[in-house]
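For reference, start19.pdb is printed below; it contains PDB, C-alpha atoms and all ligand atoms.
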ATOM      1  CA  MET A   1      -5.149  66.900   3.317
ATOM      2  CA  GLY A   2      -5.130  63.679   5.358
ATOM      3  CA  THR A   3      -4.622  63.558   9.127
ATOM      4  CA  ILE A   4      -2.263  60.945  10.516
ATOM      5  CA  ALA A   5      -1.167  60.027  14.046
ATOM      6  CA  VAL A   6       2.087  58.120  14.487
ATOM      7  CA  VAL A   7       2.654  56.255  17.756
ATOM      8  CA  GLY A   8       6.305  55.272  17.861
ATOM      9  CA  SER A   9       9.993  55.800  18.340
ATOM     10  CA  LEU A  10      12.382  58.722  17.970
ATOM     11  CA  ASN A  11      16.112  57.975  17.702
ATOM     12  CA  MET A  12      19.254  59.922  17.031
ATOM     13  CA  ASP A  13      20.998  57.894  14.305
ATOM     14  CA  VAL A  14      24.797  57.650  14.378
ATOM     15  CA  SER A  15      25.757  56.294  10.950
ATOM     16  CA  TYR A  16      29.188  54.933  10.072
ATOM     17  CA  ARG A  17      30.164  54.718   6.397
ATOM     18  CA  VAL A  18      32.090  51.458   5.903
ATOM     19  CA  ALA A  19      33.331  49.444   2.908
ATOM     20  CA  HIS A  20      31.388  46.401   4.090
ATOM     21  CA  ILE A  21      29.239  45.455   7.074
ATOM     22  CA  PRO A  22      31.594  43.893   9.677
ATOM     23  CA  ALA A  23      31.259  40.158  10.281
ATOM     24  CA  PRO A  24      31.081  38.883  13.907
ATOM     25  CA  GLY A  25      34.492  39.437  15.521
ATOM     26  CA  GLU A  26      35.705  41.717  12.703
ATOM     27  CA  THR A  27      36.893  45.332  13.185
ATOM     28  CA  VAL A  28      36.541  47.729  10.257
ATOM     29  CA  LEU A  29      37.557  51.374   9.847
ATOM     30  CA  ALA A  30      34.806  53.863   8.982
ATOM     31  CA  ARG A  31      35.397  56.490   6.315
ATOM     32  CA  GLY A  32      32.965  58.888   7.968
ATOM     33  CA  VAL A  33      30.393  59.265  10.717
ATOM     34  CA  THR A  34      27.246  61.396  10.799
ATOM     35  CA  LYS A  35      24.542  62.112  13.383
ATOM     36  CA  SER A  36      21.054  62.639  12.018
ATOM     37  CA  PRO A  37      17.389  62.354  13.097
ATOM     38  CA  GLY A  38      15.779  58.919  12.805
ATOM     39  CA  GLY A  39      13.669  56.349  14.599
ATOM     40  CA  LYS A  40      10.969  54.433  12.769
ATOM     41  CA  GLY A  41       8.133  56.490  14.244
ATOM     42  CA  GLY A  42       9.758  59.857  13.608
ATOM     43  CA  ASN A  43      10.788  58.793  10.117
ATOM     44  CA  GLN A  44       7.279  57.713   9.161
ATOM     45  CA  ALA A  45       5.823  60.925  10.591
ATOM     46  CA  VAL A  46       8.296  63.093   8.656
ATOM     47  CA  ALA A  47       7.767  61.144   5.418
ATOM     48  CA  ALA A  48       3.984  61.578   5.668
ATOM     49  CA  ALA A  49       4.255  65.294   6.525
ATOM     50  CA  LYS A  50       6.636  65.933   3.627
ATOM     51  CA  MET A  51       3.999  64.376   1.359
ATOM     52  CA  GLY A  52       1.519  66.983   2.607
ATOM     53  CA  ALA A  53      -0.331  65.137   5.386
ATOM     54  CA  GLN A  54      -1.212  66.768   8.712
ATOM     55  CA  VAL A  55       0.751  64.625  11.159
ATOM     56  CA  ALA A  56       0.908  64.331  14.947
ATOM     57  CA  MET A  57       3.774  62.399  16.559
ATOM     58  CA  ILE A  58       3.108  60.544  19.810
ATOM     59  CA  GLY A  59       6.300  59.411  21.535
ATOM     60  CA  CYS A  60       9.014  60.272  24.060
ATOM     61  CA  VAL A  61      12.473  61.846  24.038
ATOM     62  CA  GLY A  62      14.960  62.538  26.816
ATOM     63  CA  ARG A  63      15.675  65.951  28.337
ATOM     64  CA  ASP A  64      18.847  66.298  26.285
ATOM     65  CA  GLY A  65      20.281  67.805  23.114
ATOM     66  CA  ASP A  66      19.366  64.800  20.966
ATOM     67  CA  GLY A  67      15.758  65.103  22.107
ATOM     68  CA  GLU A  68      15.722  68.777  21.119
ATOM     69  CA  ALA A  69      17.280  67.978  17.731
ATOM     70  CA  LEU A  70      14.658  65.290  17.054
ATOM     71  CA  ARG A  71      11.830  67.676  17.949
ATOM     72  CA  ALA A  72      13.364  70.302  15.662
ATOM     73  CA  SER A  73      13.477  67.806  12.788
ATOM     74  CA  LEU A  74       9.802  66.918  13.310
ATOM     75  CA  ARG A  75       8.773  70.560  13.453
ATOM     76  CA  GLY A  76      10.942  71.406  10.441
ATOM     77  CA  ALA A  77       8.966  68.880   8.395
ATOM     78  CA  GLY A  78       5.662  70.263   9.712
ATOM     79  CA  VAL A  79       4.922  67.455  12.207
ATOM     80  CA  ASP A  80       3.057  68.476  15.379
ATOM     81  CA  ASP A  81       5.302  67.434  18.307
ATOM     82  CA  ALA A  82       2.970  68.597  21.122
ATOM     83  CA  LEU A  83       2.338  64.967  22.125
ATOM     84  CA  VAL A  84       6.038  64.077  22.284
ATOM     85  CA  ALA A  85       6.682  63.786  26.024
ATOM     86  CA  ALA A  86      10.000  64.350  27.800
ATOM     87  CA  CYS A  87      11.228  61.729  30.269
ATOM     88  CA  ASP A  88      14.308  61.139  32.423
ATOM     89  CA  GLU A  89      15.826  58.437  30.182
ATOM     90  CA  PRO A  90      18.313  59.486  27.484
ATOM     91  CA  THR A  91      16.883  59.965  23.992
ATOM     92  CA  GLY A  92      16.844  56.764  21.904
ATOM     93  CA  THR A  93      19.891  56.152  19.716
ATOM     94  CA  ALA A  94      20.613  53.932  16.731
ATOM     95  CA  PHE A  95      24.094  52.734  15.755
ATOM     96  CA  ILE A  96      24.061  52.184  11.990
ATOM     97  CA  CYS A  97      26.673  50.741   9.607
ATOM     98  CA  VAL A  98      26.118  51.740   5.972
ATOM     99  CA  SER A  99      28.158  49.808   3.412
ATOM    100  CA  ASP A 100      29.367  50.900  -0.023
ATOM    101  CA  ALA A 101      26.605  48.701  -1.466
ATOM    102  CA  GLY A 102      24.063  50.902   0.343
ATOM    103  CA  GLU A 103      23.076  48.139   2.765
ATOM    104  CA  ASN A 104      22.887  48.694   6.490
ATOM    105  CA  ASN A 105      22.567  47.033   9.850
ATOM    106  CA  ILE A 106      21.187  48.795  12.900
ATOM    107  CA  VAL A 107      21.439  48.466  16.683
ATOM    108  CA  VAL A 108      18.857  50.507  18.622
ATOM    109  CA  HIS A 109      19.063  51.590  22.253
ATOM    110  CA  ALA A 110      15.446  52.408  23.117
ATOM    111  CA  GLY A 111      16.175  54.844  25.981
ATOM    112  CA  ALA A 112      13.274  57.312  26.224
ATOM    113  CA  ASN A 113      11.227  55.263  23.729
ATOM    114  CA  GLY A 114      10.708  52.859  26.633
ATOM    115  CA  CYS A 115       8.680  55.606  28.361
ATOM    116  CA  VAL A 116       5.899  55.555  25.723
ATOM    117  CA  ASP A 117       3.297  54.139  28.099
ATOM    118  CA  ALA A 118      -0.438  54.151  28.838
ATOM    119  CA  ALA A 119      -0.264  57.723  30.204
ATOM    120  CA  VAL A 120       1.332  59.023  26.980
ATOM    121  CA  LEU A 121      -1.369  57.236  24.998
ATOM    122  CA  ALA A 122      -4.159  58.560  27.231
ATOM    123  CA  ARG A 123      -2.977  62.150  26.634
ATOM    124  CA  ALA A 124      -3.148  61.487  22.877
ATOM    125  CA  ARG A 125      -6.688  60.071  22.891
ATOM    126  CA  ALA A 126      -8.418  63.126  21.397
ATOM    127  CA  ARG A 127      -5.763  63.426  18.692
ATOM    128  CA  LEU A 128      -6.072  59.743  17.832
ATOM    129  CA  ALA A 129      -9.856  60.049  17.689
ATOM    130  CA  GLY A 130      -9.545  62.850  15.126
ATOM    131  CA  ALA A 131      -7.042  61.026  12.902
ATOM    132  CA  GLN A 132      -7.903  59.198   9.705
ATOM    133  CA  ILE A 133      -4.969  56.813  10.043
ATOM    134  CA  CYS A 134      -2.927  55.706  13.052
ATOM    135  CA  VAL A 135       0.506  54.205  12.286
ATOM    136  CA  VAL A 136       2.343  52.066  14.859
ATOM    137  CA  GLN A 137       5.740  50.275  14.853
ATOM    138  CA  LEU A 138       7.499  48.240  17.538
ATOM    139  CA  GLU A 139      10.460  50.220  18.898
ATOM    140  CA  ILE A 140       8.248  51.241  21.843
ATOM    141  CA  PRO A 141       6.960  48.929  24.628
ATOM    142  CA  HIS A 142       4.818  46.337  22.876
ATOM    143  CA  GLU A 143       1.949  46.615  25.343
ATOM    144  CA  THR A 144       1.635  50.323  24.375
ATOM    145  CA  ALA A 145       1.691  49.446  20.677
ATOM    146  CA  TRP A 146      -1.080  46.857  21.117
ATOM    147  CA  ALA A 147      -3.070  49.288  23.298
ATOM    148  CA  ALA A 148      -2.784  52.002  20.627
ATOM    149  CA  LEU A 149      -4.116  49.629  17.960
ATOM    150  CA  ARG A 150      -6.950  48.515  20.251
ATOM    151  CA  LEU A 151      -7.909  52.091  21.123
ATOM    152  CA  CYS A 152      -7.898  53.173  17.468
ATOM    153  CA  ARG A 153     -10.078  50.223  16.485
ATOM    154  CA  GLU A 154     -12.573  51.230  19.210
ATOM    155  CA  LEU A 155     -12.457  54.805  17.898
ATOM    156  CA  GLY A 156     -13.017  53.642  14.312
ATOM    157  CA  VAL A 157      -9.624  54.939  13.130
ATOM    158  CA  PHE A 158      -7.846  53.086  10.268
ATOM    159  CA  THR A 159      -4.906  51.181  11.791
ATOM    160  CA  ALA A 160      -1.538  50.446  10.131
ATOM    161  CA  LEU A 161       1.137  48.312  11.804
ATOM    162  CA  ASN A 162       4.774  48.101  10.716
ATOM    163  CA  PRO A 163       5.890  45.032  12.760
ATOM    164  CA  SER A 164       9.475  46.253  13.032
ATOM    165  CA  PRO A 165      11.846  45.204  14.589
ATOM    166  CA  ALA A 166      10.776  41.686  13.591
ATOM    167  CA  CYS A 167       8.886  39.744  16.268
ATOM    168  CA  GLN A 168       5.812  37.627  16.929
ATOM    169  CA  VAL A 169       2.623  39.707  17.155
ATOM    170  CA  PRO A 170      -0.229  38.495  19.413
ATOM    171  CA  ALA A 171      -3.448  37.417  17.701
ATOM    172  CA  GLN A 172      -5.501  40.185  19.384
ATOM    173  CA  ALA A 173      -3.235  42.865  17.881
ATOM    174  CA  LEU A 174      -3.686  41.481  14.367
ATOM    175  CA  GLN A 175      -7.447  40.853  14.549
ATOM    176  CA  GLY A 176      -9.216  43.655  12.656
ATOM    177  CA  LEU A 177      -5.970  45.430  11.684
ATOM    178  CA  ASP A 178      -6.566  47.459   8.498
ATOM    179  CA  LEU A 179      -3.034  47.322   7.093
ATOM    180  CA  LEU A 180       0.035  45.244   7.989
ATOM    181  CA  VAL A 181       3.291  46.438   6.376
ATOM    182  CA  PRO A 182       6.194  44.035   7.048
ATOM    183  CA  ASN A 183       9.378  43.534   5.082
ATOM    184  CA  GLU A 184      10.485  39.987   4.173
ATOM    185  CA  THR A 185      12.333  39.465   7.481
ATOM    186  CA  GLU A 186       9.392  40.701   9.534
ATOM    187  CA  MET A 187       6.918  38.573   7.562
ATOM    188  CA  ALA A 188       9.161  35.535   8.119
ATOM    189  CA  ALA A 189       9.122  36.242  11.881
ATOM    190  CA  LEU A 190       5.306  36.359  11.810
ATOM    191  CA  LEU A 191       5.034  33.123   9.819
ATOM    192  CA  GLY A 192       7.916  31.255  11.451
ATOM    193  CA  ARG A 193       9.500  30.717   8.000
ATOM    194  CA  GLU A 194      10.239  32.538   4.742
ATOM    195  CA  ALA A 195       7.069  33.785   3.002
ATOM    196  CA  ASP A 196       5.815  32.662  -0.385
ATOM    197  CA  PRO A 197       3.780  35.821  -1.077
ATOM    198  CA  ALA A 198       1.162  34.290  -3.391
ATOM    199  CA  ALA A 199       0.217  31.541  -0.956
ATOM    200  CA  ASP A 200       1.170  32.846   2.475
ATOM    201  CA  LEU A 201      -0.075  36.437   2.478
ATOM    202  CA  PRO A 202      -3.777  35.666   1.765
ATOM    203  CA  ARG A 203      -3.715  32.685   4.135
ATOM    204  CA  PHE A 204      -2.117  34.737   6.930
ATOM    205  CA  ALA A 205      -4.648  37.556   6.396
ATOM    206  CA  ARG A 206      -7.566  35.102   6.490
ATOM    207  CA  GLU A 207      -6.345  33.271   9.574
ATOM    208  CA  THR A 208      -5.483  36.390  11.597
ATOM    209  CA  GLY A 209      -8.229  38.801  10.525
ATOM    210  CA  VAL A 210      -5.836  41.360   8.961
ATOM    211  CA  ARG A 211      -7.683  43.216   6.177
ATOM    212  CA  ARG A 212      -4.717  43.976   3.909
ATOM    213  CA  ILE A 213      -1.015  43.013   3.868
ATOM    214  CA  LEU A 214       1.613  44.995   1.989
ATOM    215  CA  MET A 215       4.948  43.155   2.145
ATOM    216  CA  THR A 216       7.971  45.126   0.964
ATOM    217  CA  VAL A 217      10.815  43.238  -0.725
ATOM    218  CA  GLY A 218      13.503  45.920  -1.072
ATOM    219  CA  ALA A 219      14.663  46.537  -4.645
ATOM    220  CA  GLN A 220      12.067  44.002  -5.883
ATOM    221  CA  GLY A 221       9.179  46.266  -4.815
ATOM    222  CA  CYS A 222       6.216  44.988  -2.808
ATOM    223  CA  TYR A 223       3.323  42.507  -2.724
ATOM    224  CA  LEU A 224      -0.204  43.605  -1.868
ATOM    225  CA  ALA A 225      -2.662  41.004  -0.575
ATOM    226  CA  ASP A 226      -6.251  42.238  -0.323
ATOM    227  CA  ALA A 227      -9.768  41.321  -1.472
ATOM    228  CA  GLN A 228      -8.523  41.354  -5.088
ATOM    229  CA  GLY A 229      -5.874  38.676  -4.461
ATOM    230  CA  VAL A 230      -2.086  39.122  -4.450
ATOM    231  CA  ARG A 231      -0.448  41.660  -6.744
ATOM    232  CA  HIS A 232       3.252  42.438  -7.241
ATOM    233  CA  PHE A 233       4.334  46.069  -7.685
ATOM    234  CA  PRO A 234       7.947  46.177  -8.981
ATOM    235  CA  ALA A 235      10.150  49.041  -7.739
ATOM    236  CA  GLN A 236      11.989  51.416 -10.034
ATOM    237  CA  PRO A 237      15.675  50.502 -10.363
ATOM    238  CA  VAL A 238      17.905  53.084  -8.637
ATOM    239  CA  ARG A 239      21.469  53.146  -7.338
ATOM    240  CA  ALA A 240      21.119  53.102  -3.547
ATOM    241  CA  VAL A 241      23.719  54.893  -1.423
ATOM    242  CA  ASP A 242      21.915  54.361   1.916
ATOM    243  CA  THR A 243      18.724  52.359   2.446
ATOM    244  CA  THR A 244      18.186  53.669   6.026
ATOM    245  CA  GLY A 245      14.598  54.896   6.337
ATOM    246  CA  ALA A 246      13.511  53.583   2.909
ATOM    247  CA  GLY A 247      10.758  51.414   4.398
ATOM    248  CA  ASP A 248       9.687  54.282   6.659
ATOM    249  CA  THR A 249       9.502  56.660   3.689
ATOM    250  CA  PHE A 250       7.408  54.090   1.821
ATOM    251  CA  LEU A 251       4.935  53.682   4.692
ATOM    252  CA  GLY A 252       4.730  57.388   5.576
ATOM    253  CA  ALA A 253       4.125  58.414   1.952
ATOM    254  CA  LEU A 254       1.660  55.553   1.451
ATOM    255  CA  CYS A 255      -0.396  56.632   4.475
ATOM    256  CA  ALA A 256      -0.339  60.264   3.338
ATOM    257  CA  MET A 257      -1.830  59.201  -0.002
ATOM    258  CA  LEU A 258      -4.395  56.842   1.554
ATOM    259  CA  ALA A 259      -5.473  59.587   3.978
ATOM    260  CA  GLU A 260      -6.114  61.819   0.953
ATOM    261  CA  GLY A 261      -8.450  59.148  -0.383
ATOM    262  CA  ARG A 262      -6.159  57.985  -3.218
ATOM    263  CA  PRO A 263      -6.647  54.401  -4.466
ATOM    264  CA  VAL A 264      -4.147  51.949  -2.990
ATOM    265  CA  GLU A 265      -2.440  51.319  -6.359
ATOM    266  CA  GLU A 266      -1.722  55.044  -6.751
ATOM    267  CA  ALA A 267      -0.604  55.304  -3.112
ATOM    268  CA  ILE A 268       1.874  52.445  -3.680
ATOM    269  CA  ASP A 269       3.255  54.079  -6.823
ATOM    270  CA  VAL A 270       3.847  57.394  -5.002
ATOM    271  CA  ALA A 271       5.316  55.604  -1.948
ATOM    272  CA  GLN A 272       7.753  53.668  -4.146
ATOM    273  CA  ARG A 273       8.886  56.866  -5.874
ATOM    274  CA  ALA A 274       9.419  58.539  -2.489
ATOM    275  CA  ALA A 275      11.471  55.584  -1.184
ATOM    276  CA  ALA A 276      13.505  55.491  -4.411
ATOM    277  CA  LEU A 277      14.522  59.107  -3.781
ATOM    278  CA  THR A 278      15.356  58.486  -0.111
ATOM    279  CA  VAL A 279      17.821  55.669  -0.860
ATOM    280  CA  GLN A 280      19.805  57.935  -3.177
ATOM    281  CA  ARG A 281      20.809  60.185  -0.253
ATOM    282  CA  MET A 282      22.493  59.572   3.110
ATOM    283  CA  GLY A 283      20.437  59.435   6.303
ATOM    284  CA  ALA A 284      16.771  58.881   7.119
ATOM    285  CA  GLN A 285      14.652  62.004   7.730
ATOM    286  CA  GLN A 286      17.161  64.300   6.023
ATOM    287  CA  ALA A 287      17.019  62.148   2.868
ATOM    288  CA  MET A 288      13.238  62.149   2.505
ATOM    289  CA  PRO A 289      11.807  63.970  -0.494
ATOM    290  CA  SER A 290       9.110  66.634  -0.527
ATOM    291  CA  ARG A 291       5.752  66.118  -2.238
ATOM    292  CA  ALA A 292       6.882  68.312  -5.147
ATOM    293  CA  GLN A 293      10.030  66.245  -5.643
ATOM    294  CA  VAL A 294       8.058  62.990  -5.658
ATOM    295  CA  LEU A 295       5.143  64.067  -7.846
TER
HETATM  296  O1  LIG B 301      13.990  52.300   9.884
HETATM  297  C1  LIG B 301      15.174  53.037  10.045
HETATM  298  C2  LIG B 301      15.324  53.460  11.458
HETATM  299  O2  LIG B 301      15.488  52.309  12.260
HETATM  300  C3  LIG B 301      16.532  54.307  11.750
HETATM  301  O3  LIG B 301      16.290  55.682  11.573
HETATM  302  C4  LIG B 301      16.885  53.917  13.176
HETATM  303  O4  LIG B 301      16.683  54.932  14.099
HETATM  304  C5  LIG B 301      16.020  52.705  13.487
HETATM  305  O5  LIG B 301      14.956  53.025  14.281
END

Just give me the structure as structure tokens.
Amino acid sequence: MGTIAVVGSLNMDVSYRVAHIPAPGETVLARGVTKSPGGKGGNQAVAAAKMGAQVAMIGCVGRDGDGEALRASLRGAGVDDALVAACDEPTGTAFICVSDAGENNIVVHAGANGCVDAAVLARARARLAGAQICVVQLEIPHETAWAALRLCRELGVFTALNPSPACQVPAQALQGLDLLVPNETEMAALLGREADPAADLPRFARETGVRRILMTVGAQGCYLADAQGVRHFPAQPVRAVDTTGAGDTFLGALCAMLAEGRPVEEAIDVAQRAAALTVQRMGAQQAMPSRAQVL
């Protein structure tokens, strides 16, 4: 069983089911609304735990009902929430529109996620030191995210960064990173233009000092750039009802497999199967499959 530490966000997702994603200035009527546990950090932690990894979540929630519900979801999936701190800000929320085509758009209010600071990280030091993999995303203050990556590199822990939401990442945060997992939009933000995987991924890795890049391209699968070159891994065709949390499922399951010592090709195959199951159900954490369902 692999041990994973996730440093990241916890949000209560409020998802509206709509015929199509509203254009700027447009009002649409929702057919339904649901509240369910999400946040990129929490989602990745739950996905990894459901695949059998031992997972610790490092983050913050508010002293409110949403915070309690998010903790309960973590614990229900077997994630250790002892390093989830409580702060005086309201728990993070995400406003999500899910269209009939299964696409979404998301607005996040960070709330308590903004309290994930140096003190929260310092309390997690021993747990990070004992982890095989540390996974970080960017819905928490960026200086904490970079500090977590730096600390884990000093501790010799394998580091994975999901640069989401899309932004520029400083050179020091990329240097020596073991695994960068962007989607197409996030890779474009890093490059300053749309990526041509075959040419851009190896060049970006070489120039920044990232050891391995795994770029996800939705229904088209993913591209892996590592010492063996660039390889495309097509995804299985499925009918998506809600893609919320698909990328998080992919990364959480991938890390669970890597922490078990599985070869990267096998880890990608399992992660793609897990994500394919998630998109066929509504919600993020509640849609994630168990190890038995995936395997
Ligand atoms: O990646 C999906 C997640 O993004 C949602 O659960 C939402 O909370 C936002 O963080």

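With distances restricted to only C-alpha atoms, A:Val33 is the closest residue to Ser15 of chain A from A:Ala276, A:Val33, A:Cys60, A:Val55.
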
- Carefully work through the PyMOL selection byres (((chain A and resi 237-241) around 8) and not hetatm) for this structure and note down the residues it includes, as a ChimeraX atom specification. /A:100-103,219,235-236,242-243,276,279-282

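Ranking A:Ala259, A:Leu151, A:Ile106, A:Cys97 by their shortest atom-to-atom distance to ligand LIG 301 (chain B), with all atoms listed in the file included, puts A:Ile106 first.
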
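When only C-alpha atoms and all ligand atoms are used to compute distances to ligand LIG 301 (chain B), the closest of the residues A:Lys35, A:Arg17, A:Arg231, A:Arg125 turns out to be A:Lys35.
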
- Carefully work through the PyMOL selection byres (((not hetatm)) within 9 of (chain B and resi 301)) for this structure and note down the residues it includes, as a PyMOL selection string. chain A and resi 9-14+36-44+92-96+106-108+110+139+164-165+243-249+283-285

- Distance of atom CA of Asp200 of chain A from atom CA of Gln272 of chain A, expressed in Å to one decimal place: 22.8 Å

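Here the PyMOL selection byres (((chain A and resi 142-146) around 8) and not hetatm) captures the residues Val7, Gly8, Val116, Asp117, Ala118, Leu121, Val136, Gln137, Leu138, Glu139, Ile140, Pro141, Ala147, Ala148, Leu149, Arg150 and Ala173 of chain A.
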
- Neighbours of Ala225 of chain A within 6 Å (all atoms listed in the file; same-chain residues fewer than 2 positions away dropped), as a PyMOL selection string? chain A and resi 202+212-213+229-230

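Checking A:Pro182, A:Gly252, A:Pro263, A:Gly59 one by one against Arg291 of chain A, counting all atoms listed in the file, you find the shortest gap at A:Gly252.
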
Is it possible to add N, CA, C and O atoms to segment 201-218 of chain A and hand it back as a PDB file, keeping the file's coordinate frame?
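For reference, result25.pdb as written:
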ATOM      1  N   LEU A 201       0.526  35.168   2.043  1.00  0.00           N
ATOM      2  CA  LEU A 201      -0.075  36.437   2.478  1.00  0.00           C
ATOM      3  C   LEU A 201      -1.601  36.328   2.613  1.00  0.00           C
ATOM      4  O   LEU A 201      -2.160  36.703   3.652  1.00  0.00           O
ATOM      5  N   PRO A 202      -2.314  35.779   1.591  1.00  0.00           N
ATOM      6  CA  PRO A 202      -3.777  35.666   1.765  1.00  0.00           C
ATOM      7  C   PRO A 202      -4.150  34.728   2.907  1.00  0.00           C
ATOM      8  O   PRO A 202      -5.092  35.017   3.655  1.00  0.00           O
ATOM      9  N   ARG A 203      -3.388  33.632   3.058  1.00  0.00           N
ATOM     10  CA  ARG A 203      -3.715  32.685   4.135  1.00  0.00           C
ATOM     11  C   ARG A 203      -3.522  33.347   5.506  1.00  0.00           C
ATOM     12  O   ARG A 203      -4.373  33.251   6.383  1.00  0.00           O
ATOM     13  N   PHE A 204      -2.397  34.076   5.655  1.00  0.00           N
ATOM     14  CA  PHE A 204      -2.117  34.737   6.930  1.00  0.00           C
ATOM     15  C   PHE A 204      -3.209  35.774   7.233  1.00  0.00           C
ATOM     16  O   PHE A 204      -3.697  35.872   8.365  1.00  0.00           O
ATOM     17  N   ALA A 205      -3.606  36.530   6.201  1.00  0.00           N
ATOM     18  CA  ALA A 205      -4.648  37.556   6.396  1.00  0.00           C
ATOM     19  C   ALA A 205      -5.955  36.901   6.842  1.00  0.00           C
ATOM     20  O   ALA A 205      -6.611  37.373   7.782  1.00  0.00           O
ATOM     21  N   ARG A 206      -6.317  35.814   6.162  1.00  0.00           N
ATOM     22  CA  ARG A 206      -7.566  35.102   6.490  1.00  0.00           C
ATOM     23  C   ARG A 206      -7.534  34.562   7.915  1.00  0.00           C
ATOM     24  O   ARG A 206      -8.468  34.733   8.684  1.00  0.00           O
ATOM     25  N   GLU A 207      -6.424  33.939   8.267  1.00  0.00           N
ATOM     26  CA  GLU A 207      -6.345  33.271   9.574  1.00  0.00           C
ATOM     27  C   GLU A 207      -6.249  34.250  10.741  1.00  0.00           C
ATOM     28  O   GLU A 207      -6.646  33.934  11.858  1.00  0.00           O
ATOM     29  N   THR A 208      -5.687  35.446  10.491  1.00  0.00           N
ATOM     30  CA  THR A 208      -5.483  36.390  11.597  1.00  0.00           C
ATOM     31  C   THR A 208      -6.530  37.498  11.660  1.00  0.00           C
ATOM     32  O   THR A 208      -6.630  38.197  12.660  1.00  0.00           O
ATOM     33  N   GLY A 209      -7.254  37.718  10.541  1.00  0.00           N
ATOM     34  CA  GLY A 209      -8.229  38.801  10.525  1.00  0.00           C
ATOM     35  C   GLY A 209      -7.623  40.150  10.139  1.00  0.00           C
ATOM     36  O   GLY A 209      -8.210  41.201  10.396  1.00  0.00           O
ATOM     37  N   VAL A 210      -6.435  40.124   9.498  1.00  0.00           N
ATOM     38  CA  VAL A 210      -5.836  41.360   8.961  1.00  0.00           C
ATOM     39  C   VAL A 210      -6.510  41.658   7.619  1.00  0.00           C
ATOM     40  O   VAL A 210      -6.663  40.768   6.791  1.00  0.00           O
ATOM     41  N   ARG A 211      -6.910  42.910   7.391  1.00  0.00           N
ATOM     42  CA  ARG A 211      -7.683  43.216   6.177  1.00  0.00           C
ATOM     43  C   ARG A 211      -6.808  43.273   4.931  1.00  0.00           C
ATOM     44  O   ARG A 211      -7.234  42.886   3.844  1.00  0.00           O
ATOM     45  N   ARG A 212      -5.572  43.775   5.086  1.00  0.00           N
ATOM     46  CA  ARG A 212      -4.717  43.976   3.909  1.00  0.00           C
ATOM     47  C   ARG A 212      -3.264  43.860   4.348  1.00  0.00           C
ATOM     48  O   ARG A 212      -2.889  44.416   5.383  1.00  0.00           O
ATOM     49  N   ILE A 213      -2.451  43.121   3.567  1.00  0.00           N
ATOM     50  CA  ILE A 213      -1.015  43.013   3.868  1.00  0.00           C
ATOM     51  C   ILE A 213      -0.236  43.594   2.694  1.00  0.00           C
ATOM     52  O   ILE A 213      -0.517  43.286   1.526  1.00  0.00           O
ATOM     53  N   LEU A 214       0.733  44.424   3.012  1.00  0.00           N
ATOM     54  CA  LEU A 214       1.613  44.995   1.989  1.00  0.00           C
ATOM     55  C   LEU A 214       3.034  44.641   2.411  1.00  0.00           C
ATOM     56  O   LEU A 214       3.582  45.246   3.337  1.00  0.00           O
ATOM     57  N   MET A 215       3.608  43.605   1.763  1.00  0.00           N
ATOM     58  CA  MET A 215       4.948  43.155   2.145  1.00  0.00           C
ATOM     59  C   MET A 215       5.972  43.784   1.215  1.00  0.00           C
ATOM     60  O   MET A 215       5.883  43.615  -0.005  1.00  0.00           O
ATOM     61  N   THR A 216       6.936  44.504   1.794  1.00  0.00           N
ATOM     62  CA  THR A 216       7.971  45.126   0.964  1.00  0.00           C
ATOM     63  C   THR A 216       9.130  44.141   0.783  1.00  0.00           C
ATOM     64  O   THR A 216       9.464  43.380   1.689  1.00  0.00           O
ATOM     65  N   VAL A 217       9.709  44.162  -0.419  1.00  0.00           N
ATOM     66  CA  VAL A 217      10.815  43.238  -0.725  1.00  0.00           C
ATOM     67  C   VAL A 217      11.989  44.007  -1.329  1.00  0.00           C
ATOM     68  O   VAL A 217      12.561  43.609  -2.347  1.00  0.00           O
ATOM     69  N   GLY A 218      12.340  45.130  -0.683  1.00  0.00           N
ATOM     70  CA  GLY A 218      13.503  45.920  -1.072  1.00  0.00           C
ATOM     71  C   GLY A 218      13.452  46.345  -2.531  1.00  0.00           C
ATOM     72  O   GLY A 218      12.427  46.847  -3.015  1.00  0.00           O
TER      73      GLY A 218
END
